[in-house]
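Report on the following structure.
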Amino acid sequence: MMKMVRIYIMGKEYKVPEGLTIMKAMEYAGYRFIRGAGCRAGFCGACATVYRKEGDYKLYTDLACQTTVEDGMYLVQLPFAPANKAVYDIKKIKPDDKTLVNFYPEIARCVSCNTCTKACPQELEVMDYIQSALRGDVKKTAELSFDCIQCGLCALRCPAEIAHYHVAQLARRLYGRYFMPRALHLEKRLKELEKGKFDKEMERIKKMKLEDLKKMYNSRDIEPEESGETRESD
Amino acid sequence: MYPKEFEKSIKKVEATREERMKGLPERMNAKEREEILQKWHPDYKPEAKRKLKIGPSKGSIVPNEVADLIEAYPVANPDEIDASKPDYSVDVLIIGGGGAGTTAALHAYYNGIKKDKILIVTKLRHGDANTIMAQGGIQAADKENDSPVIHYLDVIGGGHYANKPELVERLVMDAPRIIKWHEELGIMYDKKEDGEMVTIHGGGTSRRRMHSAKDYTGMEIMRVIRDEVRNIGIPVMEFTSAIDLLTDGNKVTGALLYNMETDEYMVVRAKATILATGGFGRLHIQGFPTTNHYGATFDGPVMAYRVGAVLRDMDSVQYHPTGVAYPEQIVGLLVTEKVRGLGGQPVNAEGEQFVHPLEARDVEAAALIRECYGRNKGVVTPTGMRGIWLDSPLIEMIHGEGTIERRLGAMFRMFKRFGIDMRQEPILVFPTLHYQNGGIEINAESQVLSKNGAIPGLFAAGEVSGGVHGKNRLMGNSLLDTQVFGRIAGMAAAKYAKKSKYGKTTLQHVKKYVEELKKAKIKEERHAPILLPDYREKKVLSREIDIL
């Protein structure tokens, strides 16, 4: 016999087998999602959920697809987070240490309470990146926020009403476009393509007889696996 | 946390680790690959497939789950719908809000279509798609020792020579341009200090050309292109699906939409329509769990088939070699190939290697299935599933401490949530349903093809289409596919829309299709597209009364 636990979906009691994720438990109970389910694998942020446990004062936040149900869990999904996004043309911005605060002046309202960090299902240092943004440190904001899935739980919990994940999105795009060095080998390849360097060879291989193509594929040389020394910049 | 009964086997994996670091099993030769596929790959089970009874690809062999939806009646009876009065009129309608659809919208805009004359409709939220879940990377031949021609050879050999050459050519030739576009948009690819892209191998690649953004590559691409759509202000209609295309009897003239929250239908008139609806993971072919998002239900081909689109390579299905086999909560979810790209080895319950970690996906998957069910050397989980160890601690022995958190952050986090530390312990995997290799046939201009050539007004891009990957897609070519063909579809649709007029919006092709279904004596038992899977408990479903 399956062991069952009690959960309260928006306050209403259901008995579901233990060990299910919140998402699967709601489906077991009879819910069919239109909102509140997306990738079902922890990447899209569609299934943001808040819950409390019996006898515990704390309000927990997590993803329904990545969290196992517990007996006595009171839960509700928050499938949408209203938050204004700044509009910009990334190509026209000249980034400096004021760019982020100019687009999102409300970050100056941060009271360093760390509620955003506690709310983050990805366990990111959300408050730290907002503080970096305030200092104009685009790099740090981009790096600390990189794993953000934009579920919006930080914005919903913030007493200063900051839309953290939108600030972070701008920081990452600025960093990617203006701060990371460009790949020179990519420029070079594009020039070669423009000049038609590979066109002839491409025509030849496209028209190759199946037998010859197979022979070529089966005898192609394979670059050795990565050695231990590679280190990308952090 | 692993159950106690795994301990003995984990000890064996640990005991052989040092020794295994010294070398890998040889790659299989062509004959060995063929043999293992024939015997162990799920595609080679004839009883899981059948011939289509009607339509433009009548006689083609497809999985039963696909045939069930092709040989199905429309969800809305065409006799009861007034499709003649458009609620919206646009130049370019894009069905699907993932990587391909979003990139198509941007390129329609770049090519002169006004933002308000573009419309993206999507069943879930904008960006909730397989693109956002793609972890490992995106291929592009942009390094000195590589070339688009070598990339071409890898793609076509990996696809068992079934690919459509003109599509592969576009895929590999346009790849560097896409990476450049991404760089300009501010996508944070992994780079060395001098700006050189960090690139690694994927299964079946002969050069290290996998570009990545940690193991959130698809998420990083999706976030940025979605942000770009929002900055431009291109309209997106969420929780709205297309349930049939509209035609004037000759060309495609828009689509019939369904608001999933209010149940009402809407008519969109469009000069050009792009299908970017993605794949079919949620059909759970042969009962496999899947890595796919909630809406991957094969809607696009169902609609396109009714207007005459040809399907190709639908007999082959991609099972990703490494889906999660334990813990139960996340069974079937993707363990990126990058884990093997960085040195993780598949190892059996005895701690032995049995296959090179980077064979093409179908071969690797077949080897894992053989090890579990042919040689009985899998690890049995508490629910009776079998799995193979993926020895992840090797990664940090090879590349140094901190590598897993830095380069496989998503994987590390996923297992940690369930009490497993992949830096210290191996992870348990088994093949999972991953990708629709085939789909709607297109040409190199992303036009959808019928038996008599291009269908005017209809374009397709991404997983919904077939031909790019032949019978087996390589890692890193699906993100690339969405971007390359999304761009082509957007440009081609813009060009087409500029010289076209609106047409009458009717469902006459659907009525014809219903007649064909009746003629073939197919009973009205199934309706499609299904839009979403249904995971409600059987007991609930059996007692359902539809009142409100």
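So you can find residues: chains in the structure tokens are A, B, ... in the order shown, residues in each start at 1, and ligands are numbered from 1 in order.
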6 Å contacts from chain A to chain B using only C-alpha atoms, as a ChimeraX atom specification: /A:20-21,27-28,30,38-39,43-44,87-88,173,176-177,181-183,185-186,189,202,222-223,228,232-233
Quick one: residues within 6 Å of stretch 117-122 of chain A, only C-alpha atoms counted, chain neighbours fewer than 3 positions away excluded, as number ranges by chain? A: 61-62, 114, 125-127, 154
Proximity check stretch 21-105 of chain A to stretch 137-144 of chain A, 10 Å, nearest pairs one decimal Å, only C-alpha atoms, as a tab-separated table:
residue	atom	partner	partner_atom	distance
A:Pro95	CA	A:Val138	CA	8.9
A:Asp96	CA	A:Val138	CA	8.7
A:Asp97	CA	A:Asp137	CA	6.6
A:Lys98	CA	A:Asp137	CA	9.3
A:Thr99	CA	A:Val138	CA	8.9
A:Leu100	CA	A:Val138	CA	7.9
May I have the selected residues written with C-alpha atoms, as a CSV table (one decimal), in the first residue's frame?
chain,number,residue,atom,x,y,z
A,95,PRO,CA,27.1,51.5,-20.2
A,96,ASP,CA,28.6,53.1,-17.2
A,97,ASP,CA,28.2,52.6,-13.4
A,98,LYS,CA,24.8,54.5,-13.5
A,99,THR,CA,23.2,52.5,-16.3
A,100,LEU,CA,21.4,49.9,-14.1
Residues of stretch 247-438 of chain B in helix (DSSP H, G or I) according to DSSP, as a compact mmCIF listing (two decimals) with N, CA and C atoms, in the first residue's frame?
# COMPACT_ATOMS: atom_id res chain seq x y z
N GLY B 281 7.46 15.07 -27.45
CA GLY B 281 7.88 14.29 -26.26
C GLY B 281 6.73 13.88 -25.36
N ARG B 282 5.73 14.75 -25.25
CA ARG B 282 4.64 14.45 -24.32
C ARG B 282 3.65 13.42 -24.86
N LEU B 283 3.94 12.86 -26.05
CA LEU B 283 3.15 11.71 -26.49
C LEU B 283 3.67 10.43 -25.83
N ILE B 285 6.10 8.25 -26.50
CA ILE B 285 6.23 7.14 -27.45
C ILE B 285 6.74 5.89 -26.72
N GLN B 286 6.10 4.78 -26.97
CA GLN B 286 6.44 3.49 -26.34
C GLN B 286 6.50 3.56 -24.82
N GLY B 287 5.77 4.50 -24.26
CA GLY B 287 5.70 4.58 -22.79
C GLY B 287 6.92 5.20 -22.12
N ASP B 299 1.24 19.27 -32.14
CA ASP B 299 0.12 20.01 -32.73
C ASP B 299 0.40 20.47 -34.16
N GLY B 300 1.61 20.95 -34.40
CA GLY B 300 1.94 21.55 -35.70
C GLY B 300 1.73 20.59 -36.86
N PRO B 301 2.36 19.40 -36.82
CA PRO B 301 2.17 18.47 -37.93
C PRO B 301 0.72 18.04 -38.12
N VAL B 302 -0.04 17.93 -37.02
CA VAL B 302 -1.45 17.55 -37.14
C VAL B 302 -2.19 18.57 -38.00
N MET B 303 -1.95 19.85 -37.73
CA MET B 303 -2.63 20.92 -38.48
C MET B 303 -2.11 21.01 -39.92
N ALA B 304 -0.79 20.91 -40.06
CA ALA B 304 -0.18 21.06 -41.38
C ALA B 304 -0.58 19.91 -42.31
N TYR B 305 -0.72 18.71 -41.74
CA TYR B 305 -1.07 17.53 -42.54
C TYR B 305 -2.43 17.73 -43.21
N ARG B 306 -3.32 18.42 -42.52
CA ARG B 306 -4.67 18.65 -43.07
C ARG B 306 -4.66 19.65 -44.22
N GLU B 328 12.95 9.06 -8.20
CA GLU B 328 11.67 8.91 -8.88
C GLU B 328 11.04 10.26 -9.26
N GLN B 329 11.17 11.27 -8.40
CA GLN B 329 10.50 12.56 -8.65
C GLN B 329 10.91 13.17 -9.99
N ILE B 330 12.12 12.91 -10.43
CA ILE B 330 12.60 13.58 -11.65
C ILE B 330 12.98 12.56 -12.74
N LYS B 338 26.73 17.11 -21.85
CA LYS B 338 27.94 17.81 -21.43
C LYS B 338 28.62 17.08 -20.26
N VAL B 339 27.83 16.35 -19.46
CA VAL B 339 28.42 15.57 -18.37
C VAL B 339 29.41 14.56 -18.94
N ARG B 340 29.03 13.94 -20.07
CA ARG B 340 29.97 13.02 -20.74
C ARG B 340 31.03 13.80 -21.50
N GLY B 341 30.64 14.94 -22.07
CA GLY B 341 31.61 15.78 -22.79
C GLY B 341 32.76 16.21 -21.90
N ARG B 361 23.96 9.68 -30.33
CA ARG B 361 22.96 9.43 -29.30
C ARG B 361 22.23 8.09 -29.42
N ASP B 362 21.86 7.71 -30.64
CA ASP B 362 21.10 6.48 -30.78
C ASP B 362 21.94 5.27 -30.39
N VAL B 363 23.22 5.31 -30.76
CA VAL B 363 24.11 4.19 -30.45
C VAL B 363 24.37 4.12 -28.94
N GLU B 364 24.62 5.27 -28.35
CA GLU B 364 24.87 5.34 -26.90
C GLU B 364 23.63 4.83 -26.14
N ALA B 365 22.45 5.27 -26.56
CA ALA B 365 21.22 4.85 -25.90
C ALA B 365 21.05 3.34 -26.01
N ALA B 366 21.29 2.81 -27.22
CA ALA B 366 21.15 1.37 -27.43
C ALA B 366 22.12 0.59 -26.53
N ALA B 367 23.33 1.12 -26.34
CA ALA B 367 24.33 0.45 -25.50
C ALA B 367 23.87 0.41 -24.05
N LEU B 368 23.25 1.48 -23.59
CA LEU B 368 22.76 1.50 -22.20
C LEU B 368 21.60 0.51 -22.00
N ILE B 369 20.73 0.44 -23.01
CA ILE B 369 19.60 -0.49 -22.92
C ILE B 369 20.12 -1.94 -22.92
N ARG B 370 21.11 -2.21 -23.78
CA ARG B 370 21.68 -3.56 -23.84
C ARG B 370 22.32 -3.94 -22.49
N GLU B 371 23.03 -2.99 -21.91
CA GLU B 371 23.71 -3.29 -20.65
C GLU B 371 22.69 -3.67 -19.56
N CYS B 372 21.55 -2.97 -19.56
CA CYS B 372 20.52 -3.22 -18.54
C CYS B 372 19.71 -4.47 -18.82
N TYR B 373 19.29 -4.63 -20.09
CA TYR B 373 18.32 -5.69 -20.39
C TYR B 373 18.92 -6.87 -21.15
N GLY B 374 20.04 -6.68 -21.84
CA GLY B 374 20.67 -7.77 -22.56
C GLY B 374 21.68 -8.49 -21.67
N PRO B 393 31.88 12.07 -10.60
CA PRO B 393 33.05 12.55 -9.86
C PRO B 393 34.34 12.60 -10.68
N LEU B 394 34.38 11.80 -11.76
CA LEU B 394 35.55 11.83 -12.65
C LEU B 394 35.81 13.24 -13.19
N ILE B 395 34.72 13.99 -13.39
CA ILE B 395 34.85 15.32 -14.01
C ILE B 395 35.80 16.21 -13.21
N GLU B 396 35.66 16.17 -11.89
CA GLU B 396 36.52 17.03 -11.08
C GLU B 396 37.91 16.45 -10.93
N MET B 397 38.05 15.13 -11.08
CA MET B 397 39.39 14.54 -11.07
C MET B 397 40.14 15.00 -12.33
N ILE B 398 39.41 15.15 -13.43
CA ILE B 398 40.04 15.55 -14.69
C ILE B 398 40.27 17.07 -14.74
N HIS B 399 39.21 17.82 -14.40
CA HIS B 399 39.26 19.27 -14.63
C HIS B 399 39.48 20.10 -13.37
N THR B 403 34.67 22.41 -10.86
CA THR B 403 34.22 22.38 -12.26
C THR B 403 32.71 22.11 -12.36
N ILE B 404 32.23 21.19 -11.53
CA ILE B 404 30.81 20.80 -11.64
C ILE B 404 29.90 21.96 -11.30
N GLU B 405 30.18 22.66 -10.21
CA GLU B 405 29.34 23.81 -9.87
C GLU B 405 29.45 24.90 -10.93
N ARG B 406 30.65 25.08 -11.47
CA ARG B 406 30.87 26.17 -12.42
C ARG B 406 30.27 25.86 -13.79
N ARG B 407 30.44 24.65 -14.25
CA ARG B 407 30.05 24.37 -15.64
C ARG B 407 28.80 23.51 -15.75
N GLY B 409 26.12 23.75 -13.33
CA GLY B 409 25.36 24.27 -12.20
C GLY B 409 23.93 23.76 -12.14
N ALA B 410 23.29 23.65 -13.30
CA ALA B 410 21.89 23.21 -13.32
C ALA B 410 21.77 21.76 -12.88
N MET B 411 22.69 20.92 -13.36
CA MET B 411 22.67 19.51 -12.98
C MET B 411 22.97 19.33 -11.50
N PHE B 412 23.99 20.06 -11.06
CA PHE B 412 24.40 19.98 -9.66
C PHE B 412 23.22 20.33 -8.75
N ARG B 413 22.53 21.41 -9.13
CA ARG B 413 21.41 21.90 -8.33
C ARG B 413 20.26 20.89 -8.33
N MET B 414 19.96 20.33 -9.50
CA MET B 414 18.83 19.40 -9.61
C MET B 414 19.04 18.19 -8.69
N PHE B 415 20.23 17.61 -8.72
CA PHE B 415 20.46 16.43 -7.88
C PHE B 415 20.56 16.80 -6.40
N LYS B 416 21.14 17.96 -6.14
CA LYS B 416 21.27 18.40 -4.75
C LYS B 416 19.91 18.57 -4.08
N ARG B 417 18.93 19.03 -4.87
CA ARG B 417 17.58 19.19 -4.33
C ARG B 417 17.03 17.88 -3.78
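Distance annotation: of B:Val429, B:Val252, B:Ile70, B:Ile54, the residue with the minimal separation from B:Lys518 is B:Ile54; atom set is only C-alpha atoms.
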Residue nearest B:Leu428 - candidates B:Ser9, B:Ser500, B:Gln483, B:Ser478, atoms counted: only C-alpha atoms: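 For B:Leu428, the nearest of the given residues is B:Ser9.
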What is the distance between atom CA of B:Met210 and atom CA of B:Gly136, in Å to one decimal?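 Atom-to-atom, atom CA of B:Met210 and atom CA of B:Gly136 are spaced 7.8 Å apart.
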So which residues touch B:Tyr110 within 12 Å, counting only C-alpha atoms, skipping near sequence neighbours fewer than 3 positions away, as an MDAnalysis selection string? chainID B and resid 103:107 113:115 118 228:229 232 234 487:488 490:495
How many Å lie between atom CA of B:Ser241 and atom CA of B:Glu264, rounded to one decimal?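 According to the coordinates, atom CA of B:Ser241 and atom CA of B:Glu264 are separated by 11.0 Å.
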By how many Å are atom CA of B:His509 and atom CA of B:Gly486 apart? 26.5 Å
Which of A:Cys158, A:Ile22, A:Leu184, A:Leu174 sits closest to A:Ile93 [using only C-alpha atoms]: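 For A:Ile93, the nearest of the candidates is A:Leu174.
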May I have the residues within 8 Å of B:Gln345 as a count of residues only, using only C-alpha atoms and disregarding those fewer than 2 positions away in the same chain? 11
Using only C-alpha atoms, determine which residues lie at most 10 Å from B:Asp82, disregarding the query and same-chain residues fewer than 4 positions distant; provide the list as a count of residues only. 9
